[in-house]
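K.L.:
My structure is stored as input-v9.cif, with mmCIF, C-alpha atoms, pLDDT in the B column; chains and numbers go by the auth columns.
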data_start
#
loop_
_atom_site.group_PDB
_atom_site.id
_atom_site.type_symbol
_atom_site.label_atom_id
_atom_site.label_comp_id
_atom_site.label_asym_id
_atom_site.label_seq_id
_atom_site.Cartn_x
_atom_site.Cartn_y
_atom_site.Cartn_z
_atom_site.B_iso_or_equiv
_atom_site.auth_seq_id
_atom_site.auth_asym_id
ATOM 1 C CA MET A 1 145.035 49.859 141.023 55.00 1 S
ATOM 2 C CA THR A 2 143.819 53.281 142.021 62.00 2 S
ATOM 3 C CA ILE A 3 145.894 56.388 142.540 66.00 3 S
ATOM 4 C CA GLU A 4 144.905 58.734 145.335 71.00 4 S
ATOM 5 C CA LEU A 5 144.995 62.306 144.033 73.00 5 S
ATOM 6 C CA ASP A 6 145.898 64.911 146.589 83.00 6 S
ATOM 7 C CA PRO A 7 144.358 68.258 145.465 82.00 7 S
ATOM 8 C CA GLY A 8 147.120 70.154 147.229 86.00 8 S
ATOM 9 C CA LYS A 9 149.801 68.186 145.354 84.00 9 S
ATOM 10 C CA VAL A 10 148.021 68.699 142.016 83.00 10 S
ATOM 11 C CA ALA A 11 147.800 72.457 142.609 84.00 11 S
ATOM 12 C CA ARG A 12 151.466 72.628 143.515 84.00 12 S
ATOM 13 C CA LEU A 13 152.383 70.657 140.383 82.00 13 S
ATOM 14 C CA LEU A 14 150.290 72.951 138.180 81.00 14 S
ATOM 15 C CA THR A 15 151.807 76.093 139.721 81.00 15 S
ATOM 16 C CA GLN A 16 155.276 74.655 139.281 81.00 16 S
ATOM 17 C CA GLY A 17 154.471 73.664 135.692 79.00 17 S
ATOM 18 C CA SER A 18 153.084 77.092 134.829 76.00 18 S
ATOM 19 C CA ARG A 19 156.309 78.742 135.988 77.00 19 S
ATOM 20 C CA GLN A 20 158.227 76.548 133.576 80.00 20 S
ATOM 21 C CA LEU A 21 156.055 77.453 130.525 78.00 21 S
ATOM 22 C CA ASP A 22 157.612 79.010 127.434 81.00 22 S
ATOM 23 C CA ALA A 23 157.174 82.768 127.029 83.00 23 S
ATOM 24 C CA GLU A 24 155.256 82.086 123.798 85.00 24 S
ATOM 25 C CA ILE A 25 152.674 79.900 125.596 85.00 25 S
ATOM 26 C CA VAL A 26 152.346 82.406 128.455 82.00 26 S
ATOM 27 C CA SER A 27 151.754 85.190 125.917 88.00 27 S
ATOM 28 C CA ALA A 28 149.128 83.120 124.030 89.00 28 S
ATOM 29 C CA LEU A 29 147.339 82.276 127.295 86.00 29 S
ATOM 30 C CA ALA A 30 147.383 85.931 128.361 88.00 30 S
ATOM 31 C CA GLY A 31 145.925 86.920 125.000 91.00 31 S
ATOM 32 C CA ALA A 32 143.181 84.301 125.270 91.00 32 S
ATOM 33 C CA ARG A 33 142.385 85.509 128.793 89.00 33 S
ATOM 34 C CA GLN A 34 142.091 89.123 127.588 90.00 34 S
ATOM 35 C CA ASN A 35 139.801 88.060 124.752 90.00 35 S
ATOM 36 C CA ALA A 36 137.609 86.080 127.139 89.00 36 S
ATOM 37 C CA LEU A 37 137.394 89.088 129.486 87.00 37 S
ATOM 38 C CA LYS A 38 136.427 91.378 126.592 86.00 38 S
ATOM 39 C CA ARG A 39 133.600 89.055 125.584 81.00 39 S
ATOM 40 C CA GLN A 40 132.472 88.798 129.195 76.00 40 S
ATOM 41 C CA ALA A 41 132.464 92.584 129.553 69.00 41 S
ATOM 42 C CA LEU A 42 130.069 92.926 126.610 66.00 42 S
ATOM 43 C CA ARG A 43 127.506 90.682 128.235 61.00 43 S
ATOM 44 C CA VAL A 44 127.460 92.249 131.671 57.00 44 S
ATOM 45 C CA PRO A 45 125.265 95.337 131.855 58.00 45 S
ATOM 46 C CA VAL A 46 127.403 98.182 133.095 54.00 46 S
ATOM 47 C CA ALA A 47 126.096 101.408 134.531 54.00 47 S
ATOM 48 C CA THR A 48 127.396 104.189 132.311 54.00 48 S
ATOM 49 C CA LEU A 49 127.329 107.924 132.578 54.00 49 S
ATOM 50 C CA SER A 50 125.023 108.651 129.656 54.00 50 S
ATOM 51 C CA THR A 51 124.333 112.224 128.666 54.00 51 S
ATOM 52 C CA GLY A 52 121.665 111.188 126.155 55.00 52 S
ATOM 53 C CA GLY A 53 118.921 110.684 128.735 58.00 53 S
ATOM 54 C CA TRP A 54 116.203 108.137 128.060 62.00 54 S
ATOM 55 C CA THR A 55 116.400 108.670 124.297 63.00 55 S
ATOM 56 C CA HIS A 56 119.864 107.131 124.317 63.00 56 S
ATOM 57 C CA SER A 57 118.379 103.698 124.967 65.00 57 S
ATOM 58 C CA LEU A 58 115.942 104.079 122.042 69.00 58 S
ATOM 59 C CA ILE A 59 118.561 104.596 119.364 73.00 59 S
ATOM 60 C CA PRO A 60 119.725 101.371 117.716 72.00 60 S
ATOM 61 C CA HIS A 61 123.459 100.893 118.138 74.00 61 S
ATOM 62 C CA SER A 62 124.242 97.792 116.156 81.00 62 S
ATOM 63 C CA ALA A 63 123.496 96.583 112.645 85.00 63 S
ATOM 64 C CA GLN A 64 121.268 93.893 114.145 85.00 64 S
ATOM 65 C CA GLN A 65 119.176 96.511 115.947 86.00 65 S
ATOM 66 C CA TRP A 66 118.884 98.658 112.819 88.00 66 S
ATOM 67 C CA LEU A 67 117.862 95.601 110.827 90.00 67 S
ATOM 68 C CA SER A 68 115.191 94.741 113.398 89.00 68 S
ATOM 69 C CA ALA A 69 113.925 98.337 113.346 89.00 69 S
ATOM 70 C CA VAL A 70 113.802 98.447 109.543 92.00 70 S
ATOM 71 C CA LEU A 71 112.037 95.081 109.409 93.00 71 S
ATOM 72 C CA LEU A 72 109.454 96.206 111.943 93.00 72 S
ATOM 73 C CA VAL A 73 108.889 99.447 110.005 94.00 73 S
ATOM 74 C CA ALA A 74 108.449 97.441 106.815 95.00 74 S
ATOM 75 C CA ILE A 75 105.937 95.132 108.507 96.00 75 S
ATOM 76 C CA PHE A 76 104.003 98.056 110.026 95.00 76 S
ATOM 77 C CA ALA A 77 104.036 99.950 106.726 96.00 77 S
ATOM 78 C CA ALA A 78 102.826 96.893 104.794 96.00 78 S
ATOM 79 C CA ALA A 79 100.041 96.238 107.319 96.00 79 S
ATOM 80 C CA ALA A 80 98.996 99.906 107.330 96.00 80 S
ATOM 81 C CA GLY A 81 99.093 100.008 103.533 95.00 81 S
ATOM 82 C CA TYR A 82 97.004 96.855 103.215 96.00 82 S
ATOM 83 C CA TRP A 83 94.466 98.116 105.788 96.00 83 S
ATOM 84 C CA HIS A 84 94.194 101.500 104.030 93.00 84 S
ATOM 85 C CA HIS A 85 93.790 99.877 100.604 92.00 85 S
ATOM 86 C CA ALA A 86 91.105 97.477 101.868 94.00 86 S
ATOM 87 C CA ARG A 87 89.200 100.315 103.560 93.00 87 S
ATOM 88 C CA GLU A 88 89.356 102.546 100.478 93.00 88 S
ATOM 89 C CA GLN A 89 88.202 99.660 98.300 92.00 89 S
ATOM 90 C CA GLN A 90 85.253 99.055 100.610 93.00 90 S
ATOM 91 C CA ILE A 91 84.330 102.766 100.586 95.00 91 S
ATOM 92 C CA SER A 92 84.494 103.069 96.798 93.00 92 S
ATOM 93 C CA GLU A 93 82.290 99.983 96.442 94.00 93 S
ATOM 94 C CA LEU A 94 79.765 101.510 98.837 94.00 94 S
ATOM 95 C CA ASP A 95 79.879 104.827 96.953 96.00 95 S
ATOM 96 C CA LEU A 96 79.243 103.063 93.677 96.00 96 S
ATOM 97 C CA ALA A 97 76.353 101.136 95.229 96.00 97 S
ATOM 98 C CA ILE A 98 74.778 104.355 96.542 96.00 98 S
ATOM 99 C CA LEU A 99 75.281 106.129 93.213 96.00 99 S
ATOM 100 C CA THR A 100 73.686 103.315 91.218 96.00 100 S
ATOM 101 C CA ASP A 101 71.052 102.005 93.628 94.00 101 S
ATOM 102 C CA GLU A 102 67.429 101.862 92.624 91.00 102 S
ATOM 103 C CA LEU A 103 66.622 104.081 95.603 92.00 103 S
ATOM 104 C CA PRO A 104 67.311 107.781 95.049 91.00 104 S
ATOM 105 C CA ILE A 105 70.347 109.289 96.741 91.00 105 S
ATOM 106 C CA GLU A 106 68.080 111.522 98.896 90.00 106 S
ATOM 107 C CA VAL A 107 66.970 108.448 100.850 90.00 107 S
ATOM 108 C CA PHE A 108 70.482 108.108 102.270 92.00 108 S
ATOM 109 C CA VAL A 109 71.542 111.758 102.396 89.00 109 S
ATOM 110 C CA ASP A 110 70.265 114.087 105.121 78.00 110 S
ATOM 111 C CA MET B 1 117.427 83.771 130.251 50.00 1 D
ATOM 112 C CA TYR B 2 120.145 86.267 129.414 54.00 2 D
ATOM 113 C CA PHE B 3 119.457 85.759 125.705 50.00 3 D
ATOM 114 C CA LEU B 4 115.745 86.401 126.257 52.00 4 D
ATOM 115 C CA GLN B 5 116.431 89.608 128.166 58.00 5 D
ATOM 116 C CA ARG B 6 118.787 90.748 125.425 55.00 6 D
ATOM 117 C CA LEU B 7 116.232 89.897 122.720 51.00 7 D
ATOM 118 C CA ILE B 8 113.470 91.802 124.513 53.00 8 D
ATOM 119 C CA ALA B 9 115.755 94.799 124.993 55.00 9 D
ATOM 120 C CA VAL B 10 116.663 94.821 121.284 53.00 10 D
ATOM 121 C CA ASP B 11 113.077 94.331 120.182 58.00 11 D
ATOM 122 C CA MET B 12 111.702 97.041 122.450 58.00 12 D
ATOM 123 C CA ARG B 13 114.276 99.488 121.130 59.00 13 D
ATOM 124 C CA SER B 14 113.480 98.459 117.549 57.00 14 D
ATOM 125 C CA PHE B 15 109.773 98.740 118.276 57.00 15 D
ATOM 126 C CA PHE B 16 110.045 102.328 119.485 58.00 16 D
ATOM 127 C CA ILE B 17 112.351 103.377 116.674 57.00 17 D
ATOM 128 C CA SER B 18 109.960 101.707 114.199 56.00 18 D
ATOM 129 C CA LEU B 19 107.027 103.633 115.594 58.00 19 D
ATOM 130 C CA LEU B 20 109.013 106.842 115.237 57.00 20 D
ATOM 131 C CA LEU B 21 110.033 106.112 111.642 56.00 21 D
ATOM 132 C CA LEU B 22 106.544 104.949 110.729 58.00 22 D
ATOM 133 C CA SER B 23 104.952 108.091 112.135 55.00 23 D
ATOM 134 C CA LEU B 24 107.389 110.133 110.028 53.00 24 D
ATOM 135 C CA LEU B 25 106.501 108.056 106.972 54.00 25 D
ATOM 136 C CA THR B 26 102.752 108.366 107.447 51.00 26 D
ATOM 137 C CA CYS B 27 102.987 112.118 108.065 45.00 27 D
ATOM 138 C CA SER B 28 105.013 112.735 104.936 44.00 28 D
ATOM 139 C CA PRO B 29 103.198 114.278 101.979 42.00 29 D
ATOM 140 C CA VAL B 30 104.185 111.430 99.634 42.00 30 D
ATOM 141 C CA GLY B 31 101.599 110.918 96.877 44.00 31 D
ATOM 142 C CA ALA B 32 99.720 114.066 97.790 47.00 32 D
ATOM 143 C CA ALA B 33 99.608 115.182 94.163 63.00 33 D
ATOM 144 C CA GLN B 34 96.157 115.593 92.687 77.00 34 D
ATOM 145 C CA GLU B 35 95.292 114.340 89.243 86.00 35 D
ATOM 146 C CA SER B 36 94.221 116.991 86.775 92.00 36 D
ATOM 147 C CA TRP B 37 91.198 116.419 84.547 95.00 37 D
ATOM 148 C CA LYS B 38 93.427 116.400 81.472 94.00 38 D
ATOM 149 C CA SER B 39 95.568 113.591 82.874 94.00 39 D
ATOM 150 C CA LEU B 40 92.573 111.211 83.148 95.00 40 D
ATOM 151 C CA THR B 41 92.006 108.524 80.530 95.00 41 D
ATOM 152 C CA ALA B 42 89.148 108.819 78.047 95.00 42 D
ATOM 153 C CA ALA B 43 87.229 106.081 79.919 95.00 43 D
ATOM 154 C CA GLN B 44 87.653 107.891 83.239 96.00 44 D
ATOM 155 C CA GLN B 45 86.569 111.196 81.700 96.00 45 D
ATOM 156 C CA GLU B 46 83.494 109.518 80.232 95.00 46 D
ATOM 157 C CA ALA B 47 82.484 108.068 83.609 96.00 47 D
ATOM 158 C CA LEU B 48 83.130 111.335 85.444 96.00 48 D
ATOM 159 C CA ALA B 49 81.915 113.702 82.707 96.00 49 D
ATOM 160 C CA PRO B 50 79.482 115.653 84.960 96.00 50 D
ATOM 161 C CA LEU B 51 82.457 116.624 87.154 96.00 51 D
ATOM 162 C CA ALA B 52 84.658 117.977 84.344 95.00 52 D
ATOM 163 C CA GLN B 53 84.337 121.577 85.563 93.00 53 D
ATOM 164 C CA GLN B 54 84.947 121.008 89.272 92.00 54 D
ATOM 165 C CA TRP B 55 87.290 117.986 89.071 95.00 55 D
ATOM 166 C CA ASP B 56 90.476 119.964 89.703 93.00 56 D
ATOM 167 C CA GLU B 57 88.940 121.498 92.833 92.00 57 D
ATOM 168 C CA LEU B 58 88.088 118.154 94.442 93.00 58 D
ATOM 169 C CA THR B 59 90.309 116.866 97.222 92.00 59 D
ATOM 170 C CA GLU B 60 92.834 114.147 96.452 92.00 60 D
ATOM 171 C CA ASN B 61 90.870 111.701 98.600 91.00 61 D
ATOM 172 C CA GLN B 62 87.641 112.422 96.723 93.00 62 D
ATOM 173 C CA GLN B 63 89.395 112.071 93.374 94.00 63 D
ATOM 174 C CA ASN B 64 90.932 108.730 94.319 93.00 64 D
ATOM 175 C CA ARG B 65 87.628 107.283 95.492 93.00 65 D
ATOM 176 C CA LEU B 66 85.812 108.467 92.381 94.00 66 D
ATOM 177 C CA LEU B 67 88.557 107.087 90.159 95.00 67 D
ATOM 178 C CA LYS B 68 88.166 103.705 91.848 94.00 68 D
ATOM 179 C CA THR B 69 84.446 103.671 91.063 94.00 69 D
ATOM 180 C CA THR B 70 85.184 104.323 87.382 94.00 70 D
ATOM 181 C CA LYS B 71 86.942 100.943 87.142 93.00 71 D
ATOM 182 C CA ARG B 72 83.567 99.260 87.405 94.00 72 D
ATOM 183 C CA TYR B 73 81.684 101.837 85.346 95.00 73 D
ATOM 184 C CA PRO B 74 82.001 99.945 82.009 95.00 74 D
ATOM 185 C CA HIS B 75 80.330 96.899 83.594 95.00 75 D
ATOM 186 C CA LEU B 76 77.245 98.792 84.789 96.00 76 D
ATOM 187 C CA THR B 77 73.895 98.476 83.024 96.00 77 D
ATOM 188 C CA HIS B 78 72.575 101.388 80.975 96.00 78 D
ATOM 189 C CA GLU B 79 70.177 102.326 83.779 95.00 79 D
ATOM 190 C CA GLN B 80 72.908 102.180 86.432 96.00 80 D
ATOM 191 C CA LYS B 81 75.199 104.335 84.302 96.00 81 D
ATOM 192 C CA LYS B 82 72.445 106.926 83.973 96.00 82 D
ATOM 193 C CA ARG B 83 71.853 106.981 87.730 95.00 83 D
ATOM 194 C CA PHE B 84 75.605 107.198 88.381 96.00 84 D
ATOM 195 C CA LEU B 85 76.036 110.193 86.064 96.00 85 D
ATOM 196 C CA ASP B 86 72.898 111.916 87.378 95.00 86 D
ATOM 197 C CA ARG B 87 74.012 111.626 91.006 96.00 87 D
ATOM 198 C CA LEU B 88 77.718 112.400 90.678 95.00 88 D
ATOM 199 C CA THR B 89 77.405 116.184 90.979 93.00 89 D
ATOM 200 C CA VAL B 90 75.187 116.043 94.064 94.00 90 D
ATOM 201 C CA TRP B 91 77.450 113.409 95.643 95.00 91 D
ATOM 202 C CA SER B 92 80.630 115.397 95.047 94.00 92 D
ATOM 203 C CA LYS B 93 79.113 118.510 96.628 93.00 93 D
ATOM 204 C CA LEU B 94 78.286 116.755 99.893 94.00 94 D
ATOM 205 C CA SER B 95 80.570 117.266 102.870 93.00 95 D
ATOM 206 C CA PRO B 96 82.762 114.292 103.925 93.00 96 D
ATOM 207 C CA GLU B 97 80.542 113.904 107.011 94.00 97 D
ATOM 208 C CA GLN B 98 77.382 113.768 104.871 95.00 98 D
ATOM 209 C CA ARG B 99 78.937 111.136 102.605 95.00 99 D
ATOM 210 C CA GLU B 100 80.014 109.081 105.601 95.00 100 D
ATOM 211 C CA ALA B 101 76.512 109.344 107.089 95.00 101 D
ATOM 212 C CA ALA B 102 75.041 108.217 103.748 96.00 102 D
ATOM 213 C CA ARG B 103 77.371 105.192 103.704 96.00 103 D
ATOM 214 C CA GLU B 104 76.298 104.300 107.234 95.00 104 D
ATOM 215 C CA LYS B 105 72.623 104.551 106.250 95.00 105 D
ATOM 216 C CA TYR B 106 73.215 102.433 103.171 95.00 106 D
ATOM 217 C CA ARG B 107 75.005 99.786 105.228 95.00 107 D
ATOM 218 C CA ALA B 108 72.144 99.782 107.742 95.00 108 D
ATOM 219 C CA PHE B 109 69.565 99.551 104.941 94.00 109 D
ATOM 220 C CA LYS B 110 71.350 96.527 103.484 93.00 110 D
ATOM 221 C CA LYS B 111 70.962 94.755 106.825 94.00 111 D
ATOM 222 C CA VAL B 112 67.164 95.182 106.737 93.00 112 D
ATOM 223 C CA PRO B 113 65.357 91.983 105.637 94.00 113 D
ATOM 224 C CA ALA B 114 64.875 91.768 101.865 92.00 114 D
ATOM 225 C CA GLU B 115 61.062 91.872 102.169 93.00 115 D
ATOM 226 C CA LYS B 116 61.100 95.148 104.063 93.00 116 D
ATOM 227 C CA ARG B 117 63.664 96.593 101.678 91.00 117 D
ATOM 228 C CA GLU B 118 61.360 95.755 98.813 92.00 118 D
ATOM 229 C CA GLN B 119 58.445 97.443 100.598 92.00 119 D
ATOM 230 C CA VAL B 120 60.500 100.635 100.999 90.00 120 D
ATOM 231 C CA LYS B 121 61.510 100.515 97.338 89.00 121 D
ATOM 232 C CA GLN B 122 57.867 100.064 96.356 91.00 122 D
ATOM 233 C CA MET B 123 56.877 103.099 98.414 90.00 123 D
ATOM 234 C CA VAL B 124 59.611 105.206 96.872 88.00 124 D
ATOM 235 C CA ARG B 125 58.610 104.099 93.372 87.00 125 D
ATOM 236 C CA GLN B 126 54.975 105.077 94.021 90.00 126 D
ATOM 237 C CA GLU B 127 56.088 108.442 95.373 87.00 127 D
ATOM 238 C CA GLN B 128 58.245 109.065 92.299 84.00 128 D
ATOM 239 C CA GLU B 129 55.397 108.104 89.972 88.00 129 D
ATOM 240 C CA ARG B 130 53.045 110.443 91.819 90.00 130 D
ATOM 241 C CA LYS B 131 55.532 113.306 91.500 86.00 131 D
ATOM 242 C CA THR B 132 56.067 112.594 87.806 86.00 132 D
ATOM 243 C CA GLN B 133 52.313 112.566 87.135 89.00 133 D
ATOM 244 C CA GLN B 134 51.879 115.765 89.138 87.00 134 D
ATOM 245 C CA ALA B 135 54.649 117.489 87.198 86.00 135 D
ATOM 246 C CA ALA B 136 53.127 116.330 83.898 85.00 136 D
ATOM 247 C CA SER B 137 49.664 117.618 84.808 82.00 137 D
ATOM 248 C CA GLY B 138 51.075 121.001 85.844 75.00 138 D
ATOM 249 C CA VAL B 139 49.274 120.987 89.222 65.00 139 D
ATOM 250 C CA PRO B 140 51.541 122.378 91.961 62.00 140 D
ATOM 251 C CA GLU B 141 52.295 120.075 94.896 55.00 141 D
ATOM 252 C CA THR B 142 50.219 120.826 98.006 54.00 142 D
ATOM 253 C CA THR B 143 51.946 120.893 101.354 47.00 143 D
ATOM 254 C CA LYS B 144 50.370 118.688 104.030 44.00 144 D
#
Mind converting the file's structure to structure tokens?
P.N.:
Amino acid sequence: MTIELDPGKVARLLTQGSRQLDAEIVSALAGARQNALKRQALRVPVATLSTGGWTHSLIPHSAQQWLSAVLLVAIFAAAAGYWHHAREQQISELDLAILTDELPIEVFVD
Amino acid sequence: MYFLQRLIAVDMRSFFISLLLLSLLTCSPVGAAQESWKSLTAAQQEALAPLAQQWDELTENQQNRLLKTTKRYPHLTHEQKKRFLDRLTVWSKLSPEQREAAREKYRAFKKVPAEKREQVKQMVRQEQERKTQQAASGVPETTK
């Protein structure tokens, strides 16, 4: 046995039912709606009147952004430090080789 | 898609702020202190003895590079140690550009086939012997 659902009837029933809800339930639903709207507002890019110019968008605003920035700085610093150390090591080895080579230093120096 | 856009936005911002912070870090004079001759260890002073007088006037970069070479000084042969000590003063008086040019020449020379390198060494040895003999005989060198 199948029941034919009339969308109009269902809507009317729901409207009627919502009018008969307790004040507590109405308040909880209103609160949930507000929360949902707040979350939605965060995700939608909104044009704001910024006085900071283009630099405003470069400054991290959240802890997550600061963490990302600090991590990237740490990675860059480590890479730069490693590169510098390796280069200096290579140069000091070359210097030692020149200073101790069988050929006199004048051969390599103008 | 939204998440990706958000991630890119965050990462781009972090990237630029990182570049800014890193440039500040690399421009800061951290570790710019020079080491005085007195602060060197006995082993370092032994390896750099010819530079005792002018050590404090050398740049920090020069000092650091020379200090690195002293780590391997104890492992050099007697002959290598002698060459090292004999050449230190001349080397330290060269300009940074001259030292860099010398490194380039040395690198290039190392790429020459071993046979040709040996020929050059042989020629230099003969030239040195000739000069030594000439100096011993007291005959002044004639210009060609």
K.L.:
If we count all atoms listed in the file and set the cut-off at 9 Å, which residues sit around region 63-66 of chain D, ignoring sequence neighbours fewer than 5 positions away in its own chain? Please answer as a ChimeraX atom specification.
P.N.:
/S:88-89,91-92,95-96 /D:34-35,48,55-56,58
K.L.:
Just need the residues of chain S within 7 Å of chain D, counting all atoms listed in the file, so spit them out as a PDB file with C-alpha atoms, in the frame of the given file.
P.N.:
ATOM      1  CA  LEU S  58     115.942 104.079 122.042  1.00 69.00           C
ATOM      2  CA  ILE S  59     118.561 104.596 119.364  1.00 73.00           C
ATOM      3  CA  PRO S  60     119.725 101.371 117.716  1.00 72.00           C
ATOM      4  CA  GLN S  65     119.176  96.511 115.947  1.00 86.00           C
ATOM      5  CA  SER S  68     115.191  94.741 113.398  1.00 89.00           C
ATOM      6  CA  ALA S  69     113.925  98.337 113.346  1.00 89.00           C
ATOM      7  CA  VAL S  70     113.802  98.447 109.543  1.00 92.00           C
ATOM      8  CA  LEU S  72     109.454  96.206 111.943  1.00 93.00           C
ATOM      9  CA  VAL S  73     108.889  99.447 110.005  1.00 94.00           C
ATOM     10  CA  ALA S  77     104.036  99.950 106.726  1.00 96.00           C
ATOM     11  CA  SER S  92      84.494 103.069  96.798  1.00 93.00           C
ATOM     12  CA  GLU S  93      82.290  99.983  96.442  1.00 94.00           C
ATOM     13  CA  LEU S  94      79.765 101.510  98.837  1.00 94.00           C
ATOM     14  CA  LEU S  96      79.243 103.063  93.677  1.00 96.00           C
ATOM     15  CA  LEU S  99      75.281 106.129  93.213  1.00 96.00           C
ATOM     16  CA  THR S 100      73.686 103.315  91.218  1.00 96.00           C
ATOM     17  CA  LEU S 103      66.622 104.081  95.603  1.00 92.00           C
ATOM     18  CA  PHE S 108      70.482 108.108 102.270  1.00 92.00           C
ATOM     19  CA  VAL S 109      71.542 111.758 102.396  1.00 89.00           C
TER      20      VAL S 109
END
K.L.:
Kindly give the distance, in Å, that separates CA of Ala23 (chain S) and CA of Asp6 (chain S), rounded to a single decimal.
P.N.:
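Result for CA of Ala23 (chain S) versus CA of Asp6 (chain S): 28.8 Å, one decimal.
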K.L.:
For a test of reading the model, state the distance in Å between CA of Asp22 (chain S) and CA of Leu37 (chain S), rounded to one decimal.
P.N.:
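Value for the CA of Asp22 (chain S)-CA of Leu37 (chain S) distance: 22.7 Å.
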